[in-house]
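Notes for the one structure printed next.
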Amino acid sequence: MKITGGKVFVGGPGRNYVTLKLMTDEGVYGLGDATLNNRETLPAQYLSDYLLPALEGMDPRNSEDIWQFLYRGAYFRRGPIAMAAFGAIDMALWDIKGKLANMPVYQLLGGRSRQGAMAYAHATGADLEELCDQVAGYVAQGYKAVRVQCGIPGMPSASYAVPETKGDNRHYMTDFSGVRPKVETWDSGRYLRYMPDALAELRARFGPELHLLHDVHHRLTPREAAGFAKAVEPADLFWLEDPTPAEDQDALRLIRHHATTPIAIGEVFNSLWDCNRLIEDELIDFIRVAVTYAGGITPVRRIVDLAGMHHVRTGFHGAPSHSPISMAAQAHLNVWAPNFGIQEYLVLGTPACDALFPSDHRMEDGMIHVSEAPGLGVHFDEREAERYDWVPGSHPVVRLEDGTMWNY
Ligand code: KDG
Ligand code: MG
């Protein structure tokens with residue numbers, strides 16, 4: 001059995017999904033997702049110019065050897081562009097393997113450890129009142145976990161993930177007006193003074209059962225992050241995400257020494273080597289990698305196993321930049337992983353998205369239920385894909401009030 005080639009599509013309803021279709025001489029094909037948010041054309045080009053021509057003639061069943069070929073063979077390995085491209089190929093190979101075995105991918109990983117995977121939604125409000133309304137809406141839909149972000153009084157511009165004014169449904173992950181980023185202004189002092197009480201208020205309003213999550217999005221220094229993690233203890237968060245940038249991994253010790261709030265990190269990680277110290281030193285509680293940016297199912301399964309040895313649970317990244325293909329790959333990992341924690345889930349199931357990626361994966365009562373179809377269980381309608389093109393977009397950038405560049 002041989003790989004005969006592949007096609008790469010960029011585009012989608014409201015997103016620039018990078019979709020790989022990998023073909024074989026036996027007619028079976030596999031699908032993968034290489035969407036790197038706001039840099040989508042780069043993994044697409046890496047796939048078409050370098051990787052797909054090199055894979056022709058290889059046996060697609062040898063997914064481990066092909067992963068090693070991609071990773072070791074790149075020489076300049078790791079990094080989000082290369083790993084997103086490798087990830088798409090790896091997902092496609094697992095899809096092919098499942099179709100050949102006539103089994104859903106989770107069966108090839110070791111079968112079911114649970115019926116469904118708990119997911120969390122994102123609630124955001126220009127202020128606390130609007131945030132509470134949104135949380136109540138998700139609770140009414142059956143969600144058991146909600147990420148909560150709200151505007152900070154006096155903040156010079158919108159904070160991370162928060163609309164500027166009430167009722168504004170700003171798409172903060174990508175501004176599609178072009179590649180020149182908008183600038184937001186940030187003030188850690190205002191955030192630190194306001195947010196602990198706001199989180200305590202949410203806990204008081206919604207009671208002890210609802211899981212509340214909060215994302216700092218890398219904006220605090222280690223010392224500030226340690227103080228904040230301690231100050232939010234009364235809110236009993238399910239997790240505090242990216243409290244401080246994780247390049248400086250020793251900095252995480254300071255948080256551990258001062259607070260028991262669970263810490264989740266890893267959405268910008270690309271490799272086991274970004275995660276292993278944080279996991280082995282038990283400095284985090286949840287690992288947030290995505291199968292896309294971290295190179296596919298093959299390496300992420302290794303991260304999950306390492307995490308399991310150190311009481312670290314999964315909480316895979318699931319922003320809308322991940323297409324239904326990588327969300328499906330994560331659904332298979334989630335139903336299998338003995339140390340599953342939670343899955344981030346931002347509503348993908350619009351009619352236009354379902355028309356492009358039909359599948360039987362379903363969300364019900366805040367739980368994701370995996371498809372029983374062979375492989376990843378997602379289809380891709382190429383005729384539907386003709387309706388879409390790449391649309392240039394950007395994240396905002398963040399500066400302090402005096403103009404100093406800060407972390408988005
Ligand atoms: O592209 C950036 C987004 O993926 C990121 O801002 C989303 O932090 C994020 C999250 O937790 O989903
Ligand atoms: Mg995040």
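Identifiers in this document derive from the order of the structure tokens: chains are assigned A, B, ..., residues are numbered from 1 separately in each chain, and ligands are numbered from 1 in order of occurrence.
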I'd like a table as a Markdown table: residues in chain A with an atom no more than 6 Å from ligand 1, each row giving the shortest atom pair and its distance in Å to one decimal, only C-alpha atoms and all ligand atoms counted, sorted by chain and rising residue number.
| residue | atom | partner | partner_atom_place_in_ligand_line | distance |
| --- | --- | --- | --- | --- |
| A:Asn37 | CA | ligand 1 | 1 (O) | 5.0 |
| A:Met173 | CA | ligand 1 | 1 (O) | 5.4 |
| A:His217 | CA | ligand 1 | 8 (O) | 5.9 |
| A:Ala319 | CA | ligand 1 | 12 (O) | 4.4 |
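Every protein or nucleic acid residue with an atom no more than 9 Å from stretch 220-233 of chain A, counting only C-alpha atoms and leaving out same-chain residues fewer than 4 positions away, appears here: Ser188, Leu192, Met195, Pro196, Asp197, Leu199, Ala200, Val216, Leu237, Leu240, Asp242, Pro243, Thr244, Pro245, Ala251, Leu252, Arg253, Leu254, Ile255, Arg256, His257, His258, Ala259, Thr260, Thr261, Pro262, Ile263 and Asn407 of chain A.
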Grab the residues selected above and save them as a CSV table (one decimal), in the first residue's frame with N, CA and C atoms.
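Output saved as part-v9.csv:
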chain,number,residue,atom,x,y,z
A,188,SER,N,-1.9,45.5,34.3
A,188,SER,CA,-2.0,44.3,35.3
A,188,SER,C,-2.5,44.7,36.6
A,192,LEU,N,-5.4,42.8,38.6
A,192,LEU,CA,-5.2,42.1,39.8
A,192,LEU,C,-6.1,42.7,41.0
A,195,MET,N,-10.1,41.3,39.6
A,195,MET,CA,-10.5,39.9,39.2
A,195,MET,C,-10.8,38.9,40.3
A,196,PRO,N,-10.0,38.9,41.4
A,196,PRO,CA,-10.3,37.9,42.5
A,196,PRO,C,-11.7,38.1,43.1
A,197,ASP,N,-12.1,39.3,43.3
A,197,ASP,CA,-13.5,39.5,43.8
A,197,ASP,C,-14.5,39.1,42.8
A,199,LEU,N,-14.3,36.8,40.5
A,199,LEU,CA,-14.4,35.3,40.5
A,199,LEU,C,-15.1,34.8,41.7
A,200,ALA,N,-14.8,35.4,42.9
A,200,ALA,CA,-15.5,35.0,44.1
A,200,ALA,C,-17.0,35.3,44.0
A,216,VAL,N,-5.5,33.7,32.0
A,216,VAL,CA,-4.8,35.0,32.2
A,216,VAL,C,-4.1,35.3,30.9
A,237,LEU,N,-11.4,27.5,41.6
A,237,LEU,CA,-11.4,27.3,40.1
A,237,LEU,C,-11.0,25.9,39.7
A,240,LEU,N,-6.6,27.6,36.5
A,240,LEU,CA,-6.2,29.0,36.1
A,240,LEU,C,-5.2,28.7,35.0
A,242,ASP,N,-2.5,29.7,31.9
A,242,ASP,CA,-1.4,30.5,31.4
A,242,ASP,C,-1.2,31.8,32.3
A,243,PRO,N,-1.0,31.6,33.6
A,243,PRO,CA,-0.9,32.7,34.5
A,243,PRO,C,0.3,33.6,34.2
A,244,THR,N,1.3,32.9,33.7
A,244,THR,CA,2.6,33.7,33.3
A,244,THR,C,3.2,33.0,32.1
A,245,PRO,N,3.9,33.7,31.3
A,245,PRO,CA,4.5,33.0,30.1
A,245,PRO,C,5.4,31.8,30.5
A,251,ALA,N,9.9,29.6,36.7
A,251,ALA,CA,9.1,30.6,37.4
A,251,ALA,C,7.8,29.9,37.9
A,252,LEU,N,7.4,28.8,37.3
A,252,LEU,CA,6.2,28.2,37.8
A,252,LEU,C,6.3,27.7,39.2
A,253,ARG,N,7.5,27.5,39.7
A,253,ARG,CA,7.7,27.0,41.1
A,253,ARG,C,7.1,28.0,42.1
A,254,LEU,N,7.3,29.3,41.8
A,254,LEU,CA,6.8,30.4,42.7
A,254,LEU,C,5.3,30.2,42.9
A,255,ILE,N,4.6,29.9,41.8
A,255,ILE,CA,3.1,29.8,41.9
A,255,ILE,C,2.8,28.6,42.8
A,256,ARG,N,3.5,27.5,42.6
A,256,ARG,CA,3.3,26.3,43.4
A,256,ARG,C,3.6,26.5,44.9
A,257,HIS,N,4.6,27.3,45.1
A,257,HIS,CA,4.9,27.5,46.6
A,257,HIS,C,3.9,28.4,47.3
A,258,HIS,N,3.1,29.1,46.5
A,258,HIS,CA,2.2,30.1,47.2
A,258,HIS,C,0.7,29.7,47.1
A,259,ALA,N,0.4,28.8,46.2
A,259,ALA,CA,-1.1,28.6,46.0
A,259,ALA,C,-1.4,27.2,45.6
A,260,THR,N,-2.6,26.8,45.9
A,260,THR,CA,-3.1,25.5,45.5
A,260,THR,C,-4.1,25.5,44.3
A,261,THR,N,-4.3,26.7,43.7
A,261,THR,CA,-5.2,26.8,42.5
A,261,THR,C,-4.6,25.9,41.4
A,262,PRO,N,-5.4,25.0,40.8
A,262,PRO,CA,-4.8,24.2,39.7
A,262,PRO,C,-4.4,25.0,38.5
A,263,ILE,N,-3.3,24.7,37.9
A,263,ILE,CA,-2.7,25.4,36.8
A,263,ILE,C,-2.7,24.6,35.5
A,407,ASN,N,2.4,40.9,26.4
A,407,ASN,CA,2.0,39.6,25.8
A,407,ASN,C,0.5,39.6,25.4
_Taking 2 positions as the minimum chain separation for residues in the same chain, which residues sit within 8 Å of A:Asp389 when counting only C-alpha atoms? Answer as a list in words._
Val10, Gly11, Gly12, Asn16, Glu386, Arg387 and Val391 of chain A
Could you write out that same residue set with N, CA, C and O atoms as a PDB file, in the first residue's frame?
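Full text of selection14.pdb as output:
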ATOM      1  N   VAL A  10      -7.278  25.605   1.953  1.00  0.00           N
ATOM      2  CA  VAL A  10      -7.280  26.647   2.997  1.00  0.00           C
ATOM      3  C   VAL A  10      -8.568  27.455   2.868  1.00  0.00           C
ATOM      4  O   VAL A  10      -8.845  28.012   1.806  1.00  0.00           O
ATOM      5  N   GLY A  11      -9.340  27.494   3.932  1.00  0.00           N
ATOM      6  CA  GLY A  11     -10.585  28.273   3.917  1.00  0.00           C
ATOM      7  C   GLY A  11     -11.660  27.575   4.717  1.00  0.00           C
ATOM      8  O   GLY A  11     -11.490  26.431   5.140  1.00  0.00           O
ATOM      9  N   GLY A  12     -12.737  28.285   4.942  1.00  0.00           N
ATOM     10  CA  GLY A  12     -13.853  27.703   5.693  1.00  0.00           C
ATOM     11  C   GLY A  12     -14.804  28.803   6.116  1.00  0.00           C
ATOM     12  O   GLY A  12     -14.522  29.984   5.907  1.00  0.00           O
ATOM     13  N   ASN A  16      -9.976  30.201   8.594  1.00  0.00           N
ATOM     14  CA  ASN A  16      -9.103  29.710   7.521  1.00  0.00           C
ATOM     15  C   ASN A  16      -8.618  28.307   7.875  1.00  0.00           C
ATOM     16  O   ASN A  16      -7.454  28.116   8.211  1.00  0.00           O
ATOM     17  N   GLU A 386     -15.033  24.661  -2.198  1.00  0.00           N
ATOM     18  CA  GLU A 386     -14.788  25.624  -3.296  1.00  0.00           C
ATOM     19  C   GLU A 386     -15.391  26.991  -2.987  1.00  0.00           C
ATOM     20  O   GLU A 386     -15.004  27.988  -3.590  1.00  0.00           O
ATOM     21  N   ARG A 387     -16.337  27.040  -2.050  1.00  0.00           N
ATOM     22  CA  ARG A 387     -16.964  28.322  -1.718  1.00  0.00           C
ATOM     23  C   ARG A 387     -16.031  29.240  -0.919  1.00  0.00           C
ATOM     24  O   ARG A 387     -16.314  30.409  -0.730  1.00  0.00           O
ATOM     25  N   VAL A 391      -8.690  34.193   4.027  1.00  0.00           N
ATOM     26  CA  VAL A 391      -8.977  35.605   4.319  1.00  0.00           C
ATOM     27  C   VAL A 391      -7.921  36.069   5.326  1.00  0.00           C
ATOM     28  O   VAL A 391      -7.813  35.490   6.399  1.00  0.00           O
TER      29      VAL A 391
END
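Comparing A:Pro181, A:Pro374, A:Gly315, A:Pro338 by their smallest distance to ligand 2, the closest is A:Gly315 (using only C-alpha atoms and all ligand atoms).
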*Compile the contact shell of stretch 159-172 of chain A as an NGL selection string: residues with an atom at most 8 Å away, counting only C-alpha atoms, same-chain residues fewer than 4 positions apart removed.*
:A and (124-127 or 130 or 149-152 or 155 or 184-186 or 216-217 or 395-396 or 408)
Selected residues, C-alpha atoms, written as an mmCIF file, in the first residue's frame, please.
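Produced file part07.cif, reproduced below:
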data_model
loop_
_atom_site.group_PDB
_atom_site.id
_atom_site.type_symbol
_atom_site.label_atom_id
_atom_site.label_comp_id
_atom_site.auth_asym_id
_atom_site.auth_seq_id
_atom_site.Cartn_x
_atom_site.Cartn_y
_atom_site.Cartn_z
ATOM 1 C CA THR A 124 -17.304 36.587 28.144
ATOM 2 C CA GLY A 125 -18.876 39.856 29.203
ATOM 3 C CA ALA A 126 -18.020 43.512 28.838
ATOM 4 C CA ASP A 127 -18.780 43.553 32.576
ATOM 5 C CA GLU A 130 -23.063 40.415 31.112
ATOM 6 C CA GLN A 149 -13.616 36.365 31.307
ATOM 7 C CA CYS A 150 -14.938 39.871 31.851
ATOM 8 C CA GLY A 151 -14.056 43.513 31.323
ATOM 9 C CA ILE A 152 -12.079 45.284 34.040
ATOM 10 C CA MET A 155 -8.955 49.215 31.772
ATOM 11 C CA GLU A 184 -4.973 46.814 22.915
ATOM 12 C CA THR A 185 -3.770 48.453 26.128
ATOM 13 C CA TRP A 186 -3.272 46.431 29.287
ATOM 14 C CA VAL A 216 -4.794 34.972 32.209
ATOM 15 C CA HIS A 217 -3.319 34.571 28.702
ATOM 16 C CA HIS A 395 -4.609 38.575 16.628
ATOM 17 C CA PRO A 396 -4.506 41.971 18.339
ATOM 18 C CA TYR A 408 -1.243 39.100 23.834
#
*Top pick for closest residue to ligand 2, considering A:Trp239, A:Phe176, A:Trp94, A:Tyr388 and counting only C-alpha atoms and all ligand atoms*: A:Trp239
Please, which residues in chain A fall within 9 Å of ligand 2 when counting only C-alpha atoms and all ligand atoms, and what is the closest atom pair and distance in Å to one decimal for each, ordered by chain then residue number, as JSON lines?
{"residue": "A:His214", "atom": "CA", "partner": "ligand 2", "partner_atom_place_in_ligand_line": "1 (Mg)", "distance": 8.7}
{"residue": "A:Asp215", "atom": "CA", "partner": "ligand 2", "partner_atom_place_in_ligand_line": "1 (Mg)", "distance": 5.6}
{"residue": "A:Val216", "atom": "CA", "partner": "ligand 2", "partner_atom_place_in_ligand_line": "1 (Mg)", "distance": 7.6}
{"residue": "A:His217", "atom": "CA", "partner": "ligand 2", "partner_atom_place_in_ligand_line": "1 (Mg)", "distance": 5.6}
{"residue": "A:His218", "atom": "CA", "partner": "ligand 2", "partner_atom_place_in_ligand_line": "1 (Mg)", "distance": 8.5}
{"residue": "A:Glu241", "atom": "CA", "partner": "ligand 2", "partner_atom_place_in_ligand_line": "1 (Mg)", "distance": 6.3}
{"residue": "A:Asp242", "atom": "CA", "partner": "ligand 2", "partner_atom_place_in_ligand_line": "1 (Mg)", "distance": 6.6}
{"residue": "A:Ala264", "atom": "CA", "partner": "ligand 2", "partner_atom_place_in_ligand_line": "1 (Mg)", "distance": 8.8}
{"residue": "A:Ile265", "atom": "CA", "partner": "ligand 2", "partner_atom_place_in_ligand_line": "1 (Mg)", "distance": 8.0}
{"residue": "A:Gly266", "atom": "CA", "partner": "ligand 2", "partner_atom_place_in_ligand_line": "1 (Mg)", "distance": 8.5}
{"residue": "A:Glu267", "atom": "CA", "partner": "ligand 2", "partner_atom_place_in_ligand_line": "1 (Mg)", "distance": 6.4}
{"residue": "A:Val268", "atom": "CA", "partner": "ligand 2", "partner_atom_place_in_ligand_line": "1 (Mg)", "distance": 8.6}
{"residue": "A:Arg288", "atom": "CA", "partner": "ligand 2", "partner_atom_place_in_ligand_line": "1 (Mg)", "distance": 8.3}
{"residue": "A:His317", "atom": "CA", "partner": "ligand 2", "partner_atom_place_in_ligand_line": "1 (Mg)", "distance": 7.4}
{"residue": "A:Ala319", "atom": "CA", "partner": "ligand 2", "partner_atom_place_in_ligand_line": "1 (Mg)", "distance": 8.3}
_Nearby residues (only C-alpha atoms) at most 12 Å from A:Ile89, same-chain spacing under 4 positions excluded, as an MDAnalysis selection string_ = chainID A and resid 3 5:8 18:23 29:34 43:44 46:48 51:52 54:55 60 62:64 66:71 82:85 93:96 291:292 295:298 325:326
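Distances here use only C-alpha atoms; by that measure, the residue among A:Asp354, A:Asp381, A:Asp274, A:Asp305 closest to A:Glu247 is A:Asp274.
Taking atom CA of A:Asp133 as the reference point, atom CA of A:Glu209 is found at 17.5 Å.
When only C-alpha atoms are used to measure the gap to A:Met367, the shortest distance among A:Gly178, A:Gly116, A:Pro153, A:Gly189 belongs to A:Gly116.
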*asked:* DSSP on the backbone, strand (DSSP E or B) only: what residues of stretch 51-299 of chain A does that give? Format it as a VMD selection string.
replied: chain A and resid 104 117 to 125 145 to 150 175 183 to 186 211 to 215 239 to 241 263 to 265 286 to 287
*All alpha helix (DSSP H) residues (DSSP, backbone) inside stretch 171-398 of chain A, as a VMD selection string*: chain A and resid 188 to 206 222 to 231 252 to 258 272 to 280 297 to 308 324 to 336 351 to 356 382 to 385
Keeping only C-alpha atoms, take the residues you just selected and write them out as a PDB file, in the first residue's frame.
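And here's part_17.pdb as it stands now:
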ATOM      1  CA  SER A 188      -1.990  44.316  35.273  1.00  0.00           C
ATOM      2  CA  GLY A 189      -2.653  46.414  38.392  1.00  0.00           C
ATOM      3  CA  ARG A 190      -6.309  47.036  37.500  1.00  0.00           C
ATOM      4  CA  TYR A 191      -6.744  43.366  36.605  1.00  0.00           C
ATOM      5  CA  LEU A 192      -5.171  42.136  39.848  1.00  0.00           C
ATOM      6  CA  ARG A 193      -7.285  44.477  41.972  1.00  0.00           C
ATOM      7  CA  TYR A 194     -10.579  43.527  40.294  1.00  0.00           C
ATOM      8  CA  MET A 195     -10.533  39.913  39.202  1.00  0.00           C
ATOM      9  CA  PRO A 196     -10.257  37.946  42.496  1.00  0.00           C
ATOM     10  CA  ASP A 197     -13.482  39.524  43.835  1.00  0.00           C
ATOM     11  CA  ALA A 198     -15.214  39.068  40.463  1.00  0.00           C
ATOM     12  CA  LEU A 199     -14.357  35.345  40.462  1.00  0.00           C
ATOM     13  CA  ALA A 200     -15.507  34.997  44.085  1.00  0.00           C
ATOM     14  CA  GLU A 201     -18.782  36.692  43.114  1.00  0.00           C
ATOM     15  CA  LEU A 202     -19.276  34.211  40.237  1.00  0.00           C
ATOM     16  CA  ARG A 203     -18.685  31.314  42.632  1.00  0.00           C
ATOM     17  CA  ALA A 204     -21.228  32.762  45.079  1.00  0.00           C
ATOM     18  CA  ARG A 205     -23.845  33.234  42.342  1.00  0.00           C
ATOM     19  CA  PHE A 206     -23.461  29.841  40.639  1.00  0.00           C
ATOM     20  CA  PRO A 222       5.711  35.145  37.965  1.00  0.00           C
ATOM     21  CA  ARG A 223       5.431  37.089  41.221  1.00  0.00           C
ATOM     22  CA  GLU A 224       2.102  38.632  40.225  1.00  0.00           C
ATOM     23  CA  ALA A 225       0.869  35.229  39.025  1.00  0.00           C
ATOM     24  CA  ALA A 226       1.746  33.614  42.375  1.00  0.00           C
ATOM     25  CA  GLY A 227      -0.151  36.314  44.273  1.00  0.00           C
ATOM     26  CA  PHE A 228      -3.116  36.049  41.913  1.00  0.00           C
ATOM     27  CA  ALA A 229      -3.287  32.236  42.134  1.00  0.00           C
ATOM     28  CA  LYS A 230      -3.427  32.618  45.927  1.00  0.00           C
ATOM     29  CA  ALA A 231      -5.976  35.456  45.832  1.00  0.00           C
ATOM     30  CA  LEU A 252       6.158  28.166  37.798  1.00  0.00           C
ATOM     31  CA  ARG A 253       7.693  27.028  41.105  1.00  0.00           C
ATOM     32  CA  LEU A 254       6.832  30.353  42.668  1.00  0.00           C
ATOM     33  CA  ILE A 255       3.139  29.787  41.921  1.00  0.00           C
ATOM     34  CA  ARG A 256       3.274  26.274  43.396  1.00  0.00           C
ATOM     35  CA  HIS A 257       4.947  27.535  46.553  1.00  0.00           C
ATOM     36  CA  HIS A 258       2.205  30.066  47.204  1.00  0.00           C
ATOM     37  CA  LEU A 272       6.982  16.819  24.408  1.00  0.00           C
ATOM     38  CA  TRP A 273      10.173  18.740  25.138  1.00  0.00           C
ATOM     39  CA  ASP A 274       8.157  21.869  25.947  1.00  0.00           C
ATOM     40  CA  CYS A 275       6.051  19.896  28.447  1.00  0.00           C
ATOM     41  CA  ASN A 276       8.268  17.338  30.109  1.00  0.00           C
ATOM     42  CA  ARG A 277       9.837  19.509  32.851  1.00  0.00           C
ATOM     43  CA  LEU A 278       6.542  21.066  33.875  1.00  0.00           C
ATOM     44  CA  ILE A 279       4.979  17.609  34.017  1.00  0.00           C
ATOM     45  CA  GLU A 280       7.845  15.747  35.697  1.00  0.00           C
ATOM     46  CA  ILE A 297      -1.885  11.948  17.713  1.00  0.00           C
ATOM     47  CA  THR A 298       1.424  10.037  17.824  1.00  0.00           C
ATOM     48  CA  PRO A 299       3.399  12.546  19.953  1.00  0.00           C
ATOM     49  CA  VAL A 300       0.387  13.803  21.926  1.00  0.00           C
ATOM     50  CA  ARG A 301      -0.339  10.258  23.078  1.00  0.00           C
ATOM     51  CA  ARG A 302       3.199  10.204  24.542  1.00  0.00           C
ATOM     52  CA  ILE A 303       2.576  13.514  26.316  1.00  0.00           C
ATOM     53  CA  VAL A 304      -0.670  12.119  27.757  1.00  0.00           C
ATOM     54  CA  ASP A 305       1.124   9.017  29.059  1.00  0.00           C
ATOM     55  CA  LEU A 306       3.923  11.055  30.658  1.00  0.00           C
ATOM     56  CA  ALA A 307       1.323  13.370  32.213  1.00  0.00           C
ATOM     57  CA  GLY A 308      -0.545  10.372  33.629  1.00  0.00           C
ATOM     58  CA  PRO A 324     -13.632  19.541  13.222  1.00  0.00           C
ATOM     59  CA  ILE A 325     -10.853  17.173  12.087  1.00  0.00           C
ATOM     60  CA  SER A 326      -8.439  17.944  14.935  1.00  0.00           C
ATOM     61  CA  MET A 327     -11.378  18.268  17.335  1.00  0.00           C
ATOM     62  CA  ALA A 328     -12.310  14.721  16.266  1.00  0.00           C
ATOM     63  CA  ALA A 329      -8.734  13.520  16.809  1.00  0.00           C
ATOM     64  CA  GLN A 330      -8.929  15.013  20.320  1.00  0.00           C
ATOM     65  CA  ALA A 331     -12.359  13.437  20.882  1.00  0.00           C
ATOM     66  CA  HIS A 332     -10.773  10.016  20.249  1.00  0.00           C
ATOM     67  CA  LEU A 333      -7.874  10.789  22.620  1.00  0.00           C
ATOM     68  CA  ASN A 334     -10.331  12.120  25.235  1.00  0.00           C
ATOM     69  CA  VAL A 335     -12.521   9.033  25.301  1.00  0.00           C
ATOM     70  CA  TRP A 336      -9.420   6.848  25.692  1.00  0.00           C
ATOM     71  CA  PRO A 351     -24.763  24.585   9.604  1.00  0.00           C
ATOM     72  CA  ALA A 352     -21.987  25.875   7.276  1.00  0.00           C
ATOM     73  CA  CYS A 353     -19.276  24.081   9.277  1.00  0.00           C
ATOM     74  CA  ASP A 354     -21.317  20.857   9.391  1.00  0.00           C
ATOM     75  CA  ALA A 355     -21.841  21.059   5.610  1.00  0.00           C
ATOM     76  CA  LEU A 356     -18.066  21.283   5.052  1.00  0.00           C
ATOM     77  CA  GLU A 382     -14.591  19.288  -1.472  1.00  0.00           C
ATOM     78  CA  ARG A 383     -17.361  20.917  -3.518  1.00  0.00           C
ATOM     79  CA  GLU A 384     -18.473  22.845  -0.464  1.00  0.00           C
ATOM     80  CA  ALA A 385     -14.820  23.844   0.096  1.00  0.00           C
TER      81      ALA A 385
END
*Quick one: of A:Gly73, A:Pro13, A:Gln115, A:Lys97, who's nearest to A:Met1, counting only C-alpha atoms?*
A:Lys97
*asked:* Please determine, counting only C-alpha atoms, which residue among A:Val105, A:Leu36, A:Met118, A:Ala294 has the shortest atom-to-atom distance to A:Phe269.
replied: A:Ala294
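Picture a line from atom CA of A:Glu344 to atom CA of A:Ala123; it runs 12.1 Å.
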